[in-house]
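K.L.:
Structure incoming, see below.
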Amino acid sequence: MNIEIKNALTVLQKDDRIDLKKTDVYITGNKIASIGQRPEAFHADKTIEAEGKLLTPGLINAHTHSYMSFMKNCADDLPFMDWLFQRIDPIEQKMTDEDAYWGANLAILEMMKSGTTCFNDMQMNIHMTTRAVKESGMRAVIARGLVGSGNDEAGASRLKQAYEEMEAFRDCDRLRFRLGPHAPYTCDEAFLRIVAEEAEKNGLGIHMHLSESKTELENCKKDYGCTPIVLANRAGLFDHPFVAAHCVQVNDEDLELMKEKNVSVVTCPASNMKLGNGFAPVPKMLEKGINVCLGTDGAASNNSLNLVHEMSLVALVHKGTQESPLPVSANEAFRFVTVNAAKALGLEKEIGSIEEGKKADLVLWDLNRSSFWPVNNPISAFSYSANGTEAVTVIIDGELTMEDGTVLTLDEEKIFAETKSIMERIG
């Protein structure tokens, strides 16, 4: 399909610069064919008049658990370990595979409607989130959550499931895969070493929760004599492309190690605040040159999958905690959900910025909304005044998935009915 986008105020990123230019963008197949100049012999199957619209790369949610979306607002105002083991784990024990499928559909619906076109997911029920992604037109990087002790049968079984899923969906270019050891408190060091060996053997990246809470930090020091960051490196995990979710409880030595090993960090401010875990030291991470991205975490702990809301939090929180207006600018927050996230997922040559030859993952935002108006600085607006509802048209892999605010690839009423039924049954 050839798509012509006319007269869009377009976000163009180069190195650390973000420029805005009113121009036309031409899409051929699943790629951006040209910016500004109509390609020779180009015939548009679809023309989108984008006067009064802002064109950005699709936003990238670098850490979430999409299947949990139907758990929204059912485990609130609890300490982290109580939230996880007393409320969330019992719900997950009652879940069916089909529940996970509908949860992922609800998550994709919410993400797409607020401008997210790709997400990095850790899930439990193989073939369910991947199926939802494939059917909806969304893009995702999937890790089956891994839990194990040494070479125990449970850990080996989960690894086997991860490979089965990779094989089953190898034909979908919008799906990529990583290994997903859950956390230091659910995977012992011996099992983490096995995961590192598997990553080496199969050329895979790794996605893991690290240093999320004080309890995790204290227990890791008690059990292993080191921080979770040092443990992960000692087990060989950092020798592979690594995405570390949270990293709230880290010290300067941890930060130096993550920088040395090119670890990408995903900060999840809403989830970390809601569970009382604190804030990742993002200003320090930026000073050290660590690649920082932004994630929502799952809807059970956020309780939203809206990256625009998260951009606001990450830009404001650190100004308050540092008592300075300078940490984490609006431009930096925008980079967290575009170029930085693409780099973290190994997709920087394909998505994350509007460039000729890259995949056409694009979002049009309505500038004629009170939240954007007057249009003084649209990038600042994402962090300081927008709310995510301004997304009107979404293109993923060159295909229209949302037009004029209506998602074309999902049955919204069906999703609502199914997820309501799930919670009624689970109680």
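For the structure tokens, the naming scheme is as follows: chains receive sequential letters (A, B, ...) according to their order of presentation, residues are indexed from 1 within each chain, and ligands are indexed from 1 in presentation order.
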Pick out each residue of range 115-290 of chain A that DSSP on the backbone tags as helix (DSSP H, G or I); I need them as a compact mmCIF listing (two decimals) with N, CA and C atoms, in the first residue's frame.
P.N.:
# COMPACT_ATOMS: atom_id res chain seq x y z
N MET A 128 -0.23 -16.26 23.24
CA MET A 128 -1.40 -15.41 23.47
C MET A 128 -1.10 -13.95 23.13
N THR A 129 -0.09 -13.35 23.77
CA THR A 129 0.28 -11.97 23.42
C THR A 129 0.76 -11.91 21.98
N THR A 130 1.54 -12.90 21.58
CA THR A 130 2.05 -12.92 20.21
C THR A 130 0.90 -13.00 19.21
N ARG A 131 -0.09 -13.81 19.51
CA ARG A 131 -1.27 -13.91 18.64
C ARG A 131 -1.99 -12.56 18.55
N ALA A 132 -2.16 -11.90 19.69
CA ALA A 132 -2.83 -10.59 19.70
C ALA A 132 -2.04 -9.56 18.89
N VAL A 133 -0.73 -9.59 19.01
CA VAL A 133 0.11 -8.67 18.26
C VAL A 133 -0.02 -8.92 16.75
N LYS A 134 0.09 -10.18 16.38
CA LYS A 134 0.02 -10.53 14.95
C LYS A 134 -1.31 -10.12 14.34
N GLU A 135 -2.42 -10.35 15.06
CA GLU A 135 -3.75 -10.05 14.52
C GLU A 135 -4.03 -8.55 14.48
N SER A 136 -3.48 -7.80 15.42
CA SER A 136 -3.82 -6.38 15.56
C SER A 136 -2.99 -5.46 14.69
N GLU A 153 13.47 -28.59 36.54
CA GLU A 153 12.53 -28.90 35.46
C GLU A 153 11.66 -27.69 35.10
N ALA A 154 11.27 -26.89 36.12
CA ALA A 154 10.40 -25.73 35.86
C ALA A 154 11.10 -24.71 34.96
N GLY A 155 12.35 -24.41 35.27
CA GLY A 155 13.09 -23.45 34.44
C GLY A 155 13.31 -23.97 33.03
N ALA A 156 13.67 -25.24 32.92
CA ALA A 156 13.89 -25.84 31.60
C ALA A 156 12.61 -25.84 30.78
N SER A 157 11.48 -26.09 31.43
CA SER A 157 10.20 -26.10 30.73
C SER A 157 9.86 -24.72 30.18
N ARG A 158 10.11 -23.68 30.98
CA ARG A 158 9.81 -22.32 30.52
C ARG A 158 10.72 -21.91 29.36
N LEU A 159 11.97 -22.30 29.43
CA LEU A 159 12.88 -22.02 28.30
C LEU A 159 12.39 -22.72 27.04
N LYS A 160 11.96 -23.96 27.19
CA LYS A 160 11.43 -24.72 26.05
C LYS A 160 10.22 -24.00 25.45
N GLN A 161 9.33 -23.50 26.31
CA GLN A 161 8.16 -22.75 25.84
C GLN A 161 8.58 -21.49 25.07
N ALA A 162 9.60 -20.80 25.58
CA ALA A 162 10.07 -19.58 24.91
C ALA A 162 10.51 -19.89 23.48
N TYR A 163 11.26 -21.00 23.31
CA TYR A 163 11.72 -21.36 21.97
C TYR A 163 10.58 -21.84 21.08
N GLU A 164 9.61 -22.52 21.67
CA GLU A 164 8.45 -22.95 20.88
C GLU A 164 7.71 -21.74 20.31
N GLU A 165 7.58 -20.70 21.13
CA GLU A 165 6.88 -19.51 20.67
C GLU A 165 7.66 -18.79 19.58
N MET A 166 8.96 -18.69 19.75
CA MET A 166 9.79 -18.05 18.72
C MET A 166 9.62 -18.75 17.38
N GLU A 167 9.61 -20.07 17.42
CA GLU A 167 9.48 -20.85 16.19
C GLU A 167 8.09 -20.68 15.58
N ALA A 168 7.06 -20.65 16.43
CA ALA A 168 5.68 -20.57 15.93
C ALA A 168 5.38 -19.25 15.24
N GLU A 189 21.22 -17.72 40.87
CA GLU A 189 22.38 -17.40 40.03
C GLU A 189 22.69 -18.51 39.04
N ALA A 190 22.52 -19.74 39.45
CA ALA A 190 22.79 -20.87 38.55
C ALA A 190 21.86 -20.83 37.34
N PHE A 191 20.59 -20.52 37.58
CA PHE A 191 19.66 -20.44 36.46
C PHE A 191 19.97 -19.25 35.56
N LEU A 192 20.37 -18.13 36.17
CA LEU A 192 20.74 -16.95 35.36
C LEU A 192 21.92 -17.28 34.45
N ARG A 193 22.84 -18.09 34.94
CA ARG A 193 23.97 -18.50 34.09
C ARG A 193 23.50 -19.35 32.90
N ILE A 194 22.52 -20.20 33.16
CA ILE A 194 21.95 -21.00 32.07
C ILE A 194 21.30 -20.09 31.03
N VAL A 195 20.57 -19.06 31.49
CA VAL A 195 19.95 -18.11 30.56
C VAL A 195 21.01 -17.40 29.74
N ALA A 196 22.11 -16.99 30.39
CA ALA A 196 23.19 -16.32 29.66
C ALA A 196 23.78 -17.24 28.60
N GLU A 197 23.93 -18.51 28.92
CA GLU A 197 24.45 -19.49 27.95
C GLU A 197 23.50 -19.65 26.77
N GLU A 198 22.19 -19.67 27.06
CA GLU A 198 21.19 -19.79 26.00
C GLU A 198 21.22 -18.55 25.10
N ALA A 199 21.39 -17.38 25.70
CA ALA A 199 21.46 -16.14 24.92
C ALA A 199 22.67 -16.17 23.99
N GLU A 200 23.80 -16.68 24.50
CA GLU A 200 25.01 -16.79 23.69
C GLU A 200 24.81 -17.78 22.54
N LYS A 201 24.20 -18.88 22.85
CA LYS A 201 24.01 -19.95 21.87
C LYS A 201 23.09 -19.52 20.73
N ASN A 202 22.10 -18.71 21.04
CA ASN A 202 21.06 -18.38 20.06
C ASN A 202 21.05 -16.91 19.62
N LYS A 214 13.73 -1.99 47.66
CA LYS A 214 14.71 -2.15 48.74
C LYS A 214 14.75 -3.59 49.21
N THR A 215 13.60 -4.25 49.25
CA THR A 215 13.56 -5.65 49.68
C THR A 215 14.39 -6.53 48.74
N GLU A 216 14.24 -6.30 47.44
CA GLU A 216 15.04 -7.06 46.47
C GLU A 216 16.52 -6.83 46.70
N LEU A 217 16.91 -5.57 46.91
CA LEU A 217 18.32 -5.23 47.12
C LEU A 217 18.85 -5.90 48.39
N GLU A 218 18.11 -5.80 49.49
CA GLU A 218 18.55 -6.37 50.76
C GLU A 218 18.68 -7.89 50.67
N ASN A 219 17.69 -8.54 50.04
CA ASN A 219 17.73 -10.00 49.94
C ASN A 219 18.86 -10.47 49.03
N CYS A 220 19.12 -9.72 47.98
CA CYS A 220 20.21 -10.08 47.06
C CYS A 220 21.56 -9.99 47.77
N LYS A 221 21.73 -8.94 48.56
CA LYS A 221 22.98 -8.80 49.32
C LYS A 221 23.12 -9.93 50.33
N LYS A 222 22.01 -10.31 50.95
CA LYS A 222 22.04 -11.39 51.94
C LYS A 222 22.33 -12.74 51.28
N ASP A 223 21.72 -12.99 50.13
CA ASP A 223 21.85 -14.29 49.47
C ASP A 223 23.14 -14.43 48.65
N TYR A 224 23.56 -13.31 48.02
CA TYR A 224 24.68 -13.40 47.08
C TYR A 224 25.85 -12.47 47.40
N PRO A 228 21.82 -6.56 42.92
CA PRO A 228 21.25 -7.26 41.77
C PRO A 228 21.99 -6.95 40.46
N ILE A 229 22.49 -5.74 40.32
CA ILE A 229 23.22 -5.36 39.10
C ILE A 229 24.50 -6.18 38.99
N VAL A 230 25.25 -6.27 40.09
CA VAL A 230 26.49 -7.05 40.09
C VAL A 230 26.18 -8.53 39.85
N LEU A 231 25.10 -9.02 40.46
CA LEU A 231 24.72 -10.42 40.26
C LEU A 231 24.44 -10.72 38.79
N ALA A 232 23.66 -9.86 38.14
CA ALA A 232 23.33 -10.07 36.73
C ALA A 232 24.58 -10.10 35.87
N ASN A 233 25.52 -9.20 36.16
CA ASN A 233 26.76 -9.17 35.39
C ASN A 233 27.60 -10.41 35.68
N ARG A 234 27.68 -10.79 36.96
CA ARG A 234 28.46 -11.96 37.36
C ARG A 234 27.95 -13.23 36.70
N LEU A 237 24.88 -12.17 32.17
CA LEU A 237 23.74 -11.62 31.43
C LEU A 237 24.10 -10.35 30.68
N PHE A 238 24.99 -9.55 31.24
CA PHE A 238 25.33 -8.27 30.61
C PHE A 238 26.24 -8.43 29.40
N ASP A 239 26.65 -9.66 29.11
CA ASP A 239 27.48 -9.89 27.92
C ASP A 239 26.62 -9.97 26.66
N ASP A 252 26.41 4.11 42.68
CA ASP A 252 27.29 4.63 41.63
C ASP A 252 28.08 3.51 40.95
N GLU A 253 28.47 2.48 41.72
CA GLU A 253 29.22 1.36 41.13
C GLU A 253 28.32 0.59 40.14
N ASP A 254 27.05 0.44 40.52
CA ASP A 254 26.09 -0.21 39.61
C ASP A 254 25.99 0.56 38.30
N LEU A 255 25.88 1.88 38.42
CA LEU A 255 25.73 2.72 37.23
C LEU A 255 26.96 2.62 36.33
N GLU A 256 28.14 2.62 36.94
CA GLU A 256 29.37 2.50 36.14
C GLU A 256 29.40 1.16 35.40
N LEU A 257 28.97 0.12 36.07
CA LEU A 257 28.94 -1.21 35.46
C LEU A 257 27.96 -1.26 34.30
N MET A 258 26.76 -0.67 34.49
CA MET A 258 25.76 -0.66 33.42
C MET A 258 26.25 0.14 32.22
N LYS A 259 26.93 1.24 32.47
CA LYS A 259 27.48 2.03 31.37
C LYS A 259 28.54 1.24 30.62
N GLU A 260 29.45 0.60 31.39
CA GLU A 260 30.53 -0.18 30.78
C GLU A 260 29.99 -1.30 29.90
N PRO A 269 8.22 5.38 36.00
CA PRO A 269 7.94 6.23 37.17
C PRO A 269 6.58 6.01 37.82
N ALA A 270 5.52 5.82 37.05
CA ALA A 270 4.20 5.66 37.67
C ALA A 270 4.15 4.39 38.51
N SER A 271 4.60 3.28 37.97
CA SER A 271 4.60 2.01 38.69
C SER A 271 5.49 2.09 39.92
N ASN A 272 6.68 2.66 39.77
CA ASN A 272 7.60 2.75 40.90
C ASN A 272 7.05 3.63 42.02
N MET A 273 6.36 4.71 41.66
CA MET A 273 5.74 5.55 42.67
C MET A 273 4.58 4.84 43.35
N LYS A 274 3.73 4.21 42.54
CA LYS A 274 2.51 3.60 43.07
C LYS A 274 2.83 2.48 44.05
N VAL A 282 17.53 8.80 37.23
CA VAL A 282 17.66 9.06 35.79
C VAL A 282 18.67 10.18 35.49
N PRO A 283 18.67 11.30 36.22
CA PRO A 283 19.68 12.34 35.91
C PRO A 283 21.11 11.80 35.97
N LYS A 284 21.42 10.98 36.97
CA LYS A 284 22.76 10.40 37.06
C LYS A 284 23.03 9.47 35.88
N MET A 285 22.01 8.70 35.50
CA MET A 285 22.17 7.79 34.37
C MET A 285 22.49 8.55 33.09
N LEU A 286 21.79 9.66 32.89
CA LEU A 286 22.04 10.47 31.70
C LEU A 286 23.44 11.08 31.73
N GLU A 287 23.86 11.52 32.90
CA GLU A 287 25.21 12.09 33.03
C GLU A 287 26.27 11.07 32.65
N LYS A 288 26.03 9.81 32.98
CA LYS A 288 27.01 8.76 32.70
C LYS A 288 26.90 8.23 31.28
K.L.:
Where in range 157-349 of chain A does DSSP assign strand (DSSP E), given as a ChimeraX atom specification?
P.N.:
/A:175-181,206-210,242-246,264-267,291-294
K.L.:
Restricting it to N, CA and C atoms, dump the selection as a PDB file, in the first residue's frame.
P.N.:
ATOM      1  N   LEU A 175       7.180  -9.135  15.010  1.00  0.00           N
ATOM      2  CA  LEU A 175       7.491  -9.759  16.290  1.00  0.00           C
ATOM      3  C   LEU A 175       8.971 -10.116  16.378  1.00  0.00           C
ATOM      4  N   ARG A 176       9.601  -9.705  17.468  1.00  0.00           N
ATOM      5  CA  ARG A 176      10.964 -10.120  17.789  1.00  0.00           C
ATOM      6  C   ARG A 176      10.939 -10.724  19.193  1.00  0.00           C
ATOM      7  N   PHE A 177      11.997 -11.429  19.550  1.00  0.00           N
ATOM      8  CA  PHE A 177      11.979 -12.157  20.814  1.00  0.00           C
ATOM      9  C   PHE A 177      13.272 -11.967  21.611  1.00  0.00           C
ATOM     10  N   ARG A 178      13.121 -12.030  22.927  1.00  0.00           N
ATOM     11  CA  ARG A 178      14.236 -12.015  23.859  1.00  0.00           C
ATOM     12  C   ARG A 178      13.999 -13.082  24.933  1.00  0.00           C
ATOM     13  N   LEU A 179      15.036 -13.355  25.706  1.00  0.00           N
ATOM     14  CA  LEU A 179      14.880 -14.196  26.882  1.00  0.00           C
ATOM     15  C   LEU A 179      14.532 -13.302  28.065  1.00  0.00           C
ATOM     16  N   GLY A 180      13.647 -13.796  28.958  1.00  0.00           N
ATOM     17  CA  GLY A 180      13.119 -12.945  30.012  1.00  0.00           C
ATOM     18  C   GLY A 180      13.239 -13.506  31.416  1.00  0.00           C
ATOM     19  N   PRO A 181      14.455 -13.686  31.962  1.00  0.00           N
ATOM     20  CA  PRO A 181      14.547 -14.072  33.365  1.00  0.00           C
ATOM     21  C   PRO A 181      13.832 -13.029  34.215  1.00  0.00           C
ATOM     22  N   ILE A 206      18.283  -9.939  26.230  1.00  0.00           N
ATOM     23  CA  ILE A 206      17.670 -10.299  27.509  1.00  0.00           C
ATOM     24  C   ILE A 206      16.878  -9.110  28.056  1.00  0.00           C
ATOM     25  N   HIS A 207      15.747  -9.411  28.676  1.00  0.00           N
ATOM     26  CA  HIS A 207      14.850  -8.414  29.285  1.00  0.00           C
ATOM     27  C   HIS A 207      14.555  -8.891  30.702  1.00  0.00           C
ATOM     28  N   MET A 208      14.882  -8.059  31.726  1.00  0.00           N
ATOM     29  CA  MET A 208      14.783  -8.524  33.116  1.00  0.00           C
ATOM     30  C   MET A 208      14.458  -7.376  34.054  1.00  0.00           C
ATOM     31  N   HIS A 209      13.702  -7.668  35.124  1.00  0.00           N
ATOM     32  CA  HIS A 209      13.506  -6.714  36.214  1.00  0.00           C
ATOM     33  C   HIS A 209      14.769  -6.719  37.080  1.00  0.00           C
ATOM     34  N   LEU A 210      15.255  -5.521  37.419  1.00  0.00           N
ATOM     35  CA  LEU A 210      16.458  -5.444  38.251  1.00  0.00           C
ATOM     36  C   LEU A 210      16.368  -4.270  39.223  1.00  0.00           C
ATOM     37  N   PHE A 242      21.054  -6.098  26.649  1.00  0.00           N
ATOM     38  CA  PHE A 242      20.316  -6.250  27.914  1.00  0.00           C
ATOM     39  C   PHE A 242      19.444  -5.039  28.186  1.00  0.00           C
ATOM     40  N   VAL A 243      18.168  -5.294  28.462  1.00  0.00           N
ATOM     41  CA  VAL A 243      17.229  -4.256  28.888  1.00  0.00           C
ATOM     42  C   VAL A 243      16.870  -4.512  30.339  1.00  0.00           C
ATOM     43  N   ALA A 244      17.200  -3.551  31.205  1.00  0.00           N
ATOM     44  CA  ALA A 244      16.947  -3.674  32.634  1.00  0.00           C
ATOM     45  C   ALA A 244      15.776  -2.782  33.018  1.00  0.00           C
ATOM     46  N   ALA A 245      14.708  -3.398  33.493  1.00  0.00           N
ATOM     47  CA  ALA A 245      13.532  -2.632  33.894  1.00  0.00           C
ATOM     48  C   ALA A 245      13.680  -2.155  35.339  1.00  0.00           C
ATOM     49  N   HIS A 246      13.376  -0.900  35.548  1.00  0.00           N
ATOM     50  CA  HIS A 246      13.284  -0.238  36.857  1.00  0.00           C
ATOM     51  C   HIS A 246      14.608   0.371  37.322  1.00  0.00           C
ATOM     52  N   SER A 264      20.799  -1.033  28.708  1.00  0.00           N
ATOM     53  CA  SER A 264      19.744  -0.026  28.560  1.00  0.00           C
ATOM     54  C   SER A 264      18.800  -0.138  29.755  1.00  0.00           C
ATOM     55  N   VAL A 265      18.443   1.003  30.322  1.00  0.00           N
ATOM     56  CA  VAL A 265      17.577   1.044  31.499  1.00  0.00           C
ATOM     57  C   VAL A 265      16.204   1.564  31.106  1.00  0.00           C
ATOM     58  N   VAL A 266      15.163   0.887  31.593  1.00  0.00           N
ATOM     59  CA  VAL A 266      13.793   1.360  31.387  1.00  0.00           C
ATOM     60  C   VAL A 266      13.259   1.866  32.720  1.00  0.00           C
ATOM     61  N   THR A 267      13.037   3.161  32.811  1.00  0.00           N
ATOM     62  CA  THR A 267      12.434   3.711  34.017  1.00  0.00           C
ATOM     63  C   THR A 267      10.916   3.697  33.869  1.00  0.00           C
ATOM     64  N   ASN A 291      21.923   4.527  28.241  1.00  0.00           N
ATOM     65  CA  ASN A 291      20.749   4.645  27.370  1.00  0.00           C
ATOM     66  C   ASN A 291      19.489   4.428  28.208  1.00  0.00           C
ATOM     67  N   VAL A 292      18.711   5.498  28.385  1.00  0.00           N
ATOM     68  CA  VAL A 292      17.509   5.448  29.222  1.00  0.00           C
ATOM     69  C   VAL A 292      16.268   5.452  28.340  1.00  0.00           C
ATOM     70  N   CYS A 293      15.322   4.568  28.669  1.00  0.00           N
ATOM     71  CA  CYS A 293      14.052   4.477  27.953  1.00  0.00           C
ATOM     72  C   CYS A 293      12.925   4.604  28.976  1.00  0.00           C
ATOM     73  N   LEU A 294      11.704   4.512  28.482  1.00  0.00           N
ATOM     74  CA  LEU A 294      10.541   4.713  29.330  1.00  0.00           C
ATOM     75  C   LEU A 294       9.555   3.566  29.128  1.00  0.00           C
TER      76      LEU A 294
END
K.L.:
Give me the range 310-378 of chain A side of the contact with range 386-408 of chain A, cut-off 8 Å, one line per residue showing its nearest atom pair and distance in Å at one decimal, counting only C-alpha atoms, sorted by chain and residue number, as CSV.
P.N.:
residue,atom,partner,partner_atom,distance
A:Lys359,CA,A:Asp397,CA,5.8
A:Ala360,CA,A:Gly398,CA,4.8
A:Asp361,CA,A:Ile396,CA,4.3
A:Leu362,CA,A:Ile395,CA,5.1
A:Val363,CA,A:Val394,CA,4.6
A:Leu364,CA,A:Thr393,CA,5.1
A:Trp365,CA,A:Ala391,CA,4.4
A:Asp366,CA,A:Glu390,CA,5.3
A:Leu367,CA,A:Glu390,CA,7.6
A:Arg369,CA,A:Glu390,CA,7.0
A:Ser371,CA,A:Ala386,CA,5.1
A:Phe372,CA,A:Ala386,CA,6.3
K.L.:
Nearest to Glu332 in chain A among A:Ala33, A:Ile108, A:Leu12, A:Ile18, with distances taken over only C-alpha atoms: which residue is it?
P.N.:
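Selected residue with least distance to Glu332 in chain A: A:Ile18.
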K.L.:
Considering only C-alpha atoms, can you say which of A:Phe334, A:Ile35, A:Ile60, A:Asp45 comes closest to Glu348 in chain A?
P.N.:
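Smallest separation from Glu348 in chain A among the options: A:Ile60.
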K.L.:
So, counting only C-alpha atoms, which residue among A:Ala140, A:Leu55, A:Ile5, A:Ile91 is closest to Gly36 in chain A?
P.N.:
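Closest to Gly36 in chain A of all the choices is A:Ile5.
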K.L.:
Do you have the CA of Ile32 in chain A-CA of Asn376 in chain A distance handy?
P.N.:
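Computing it gives 27.4 Å between the two atoms.
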K.L.:
For Arg425 in chain A, find every residue with an atom within 12 Å (counting only C-alpha atoms), except residues of its own chain fewer than 4 positions away, and show them as a list in words.
P.N.:
Ile91, Lys94, Met95, Thr96, Asp99, Glu418, Thr419, Lys420 and Ser421 of chain A
K.L.:
Any idea what's packed within 12 Å of Arg17 in chain A, counting only C-alpha atoms, ignoring anything in its chain fewer than 4 positions away? Could you give it as an MDAnalysis selection string?
P.N.:
chainID A and resid 11:13 331:332 334:335 339 353 379
K.L.:
My list of candidates is A:Asn262, A:Thr409, A:Asn7, A:Thr227. Which is closest to Cys247 in chain A when distances are computed with only C-alpha atoms?
P.N.:
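Result for the nearest residue to Cys247 in chain A: A:Thr227.
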K.L.:
Go ahead and compute the interatomic distance for CA of Ala8 in chain A and CA of Thr338 in chain A, in Å to one decimal.
P.N.:
18.5 Å
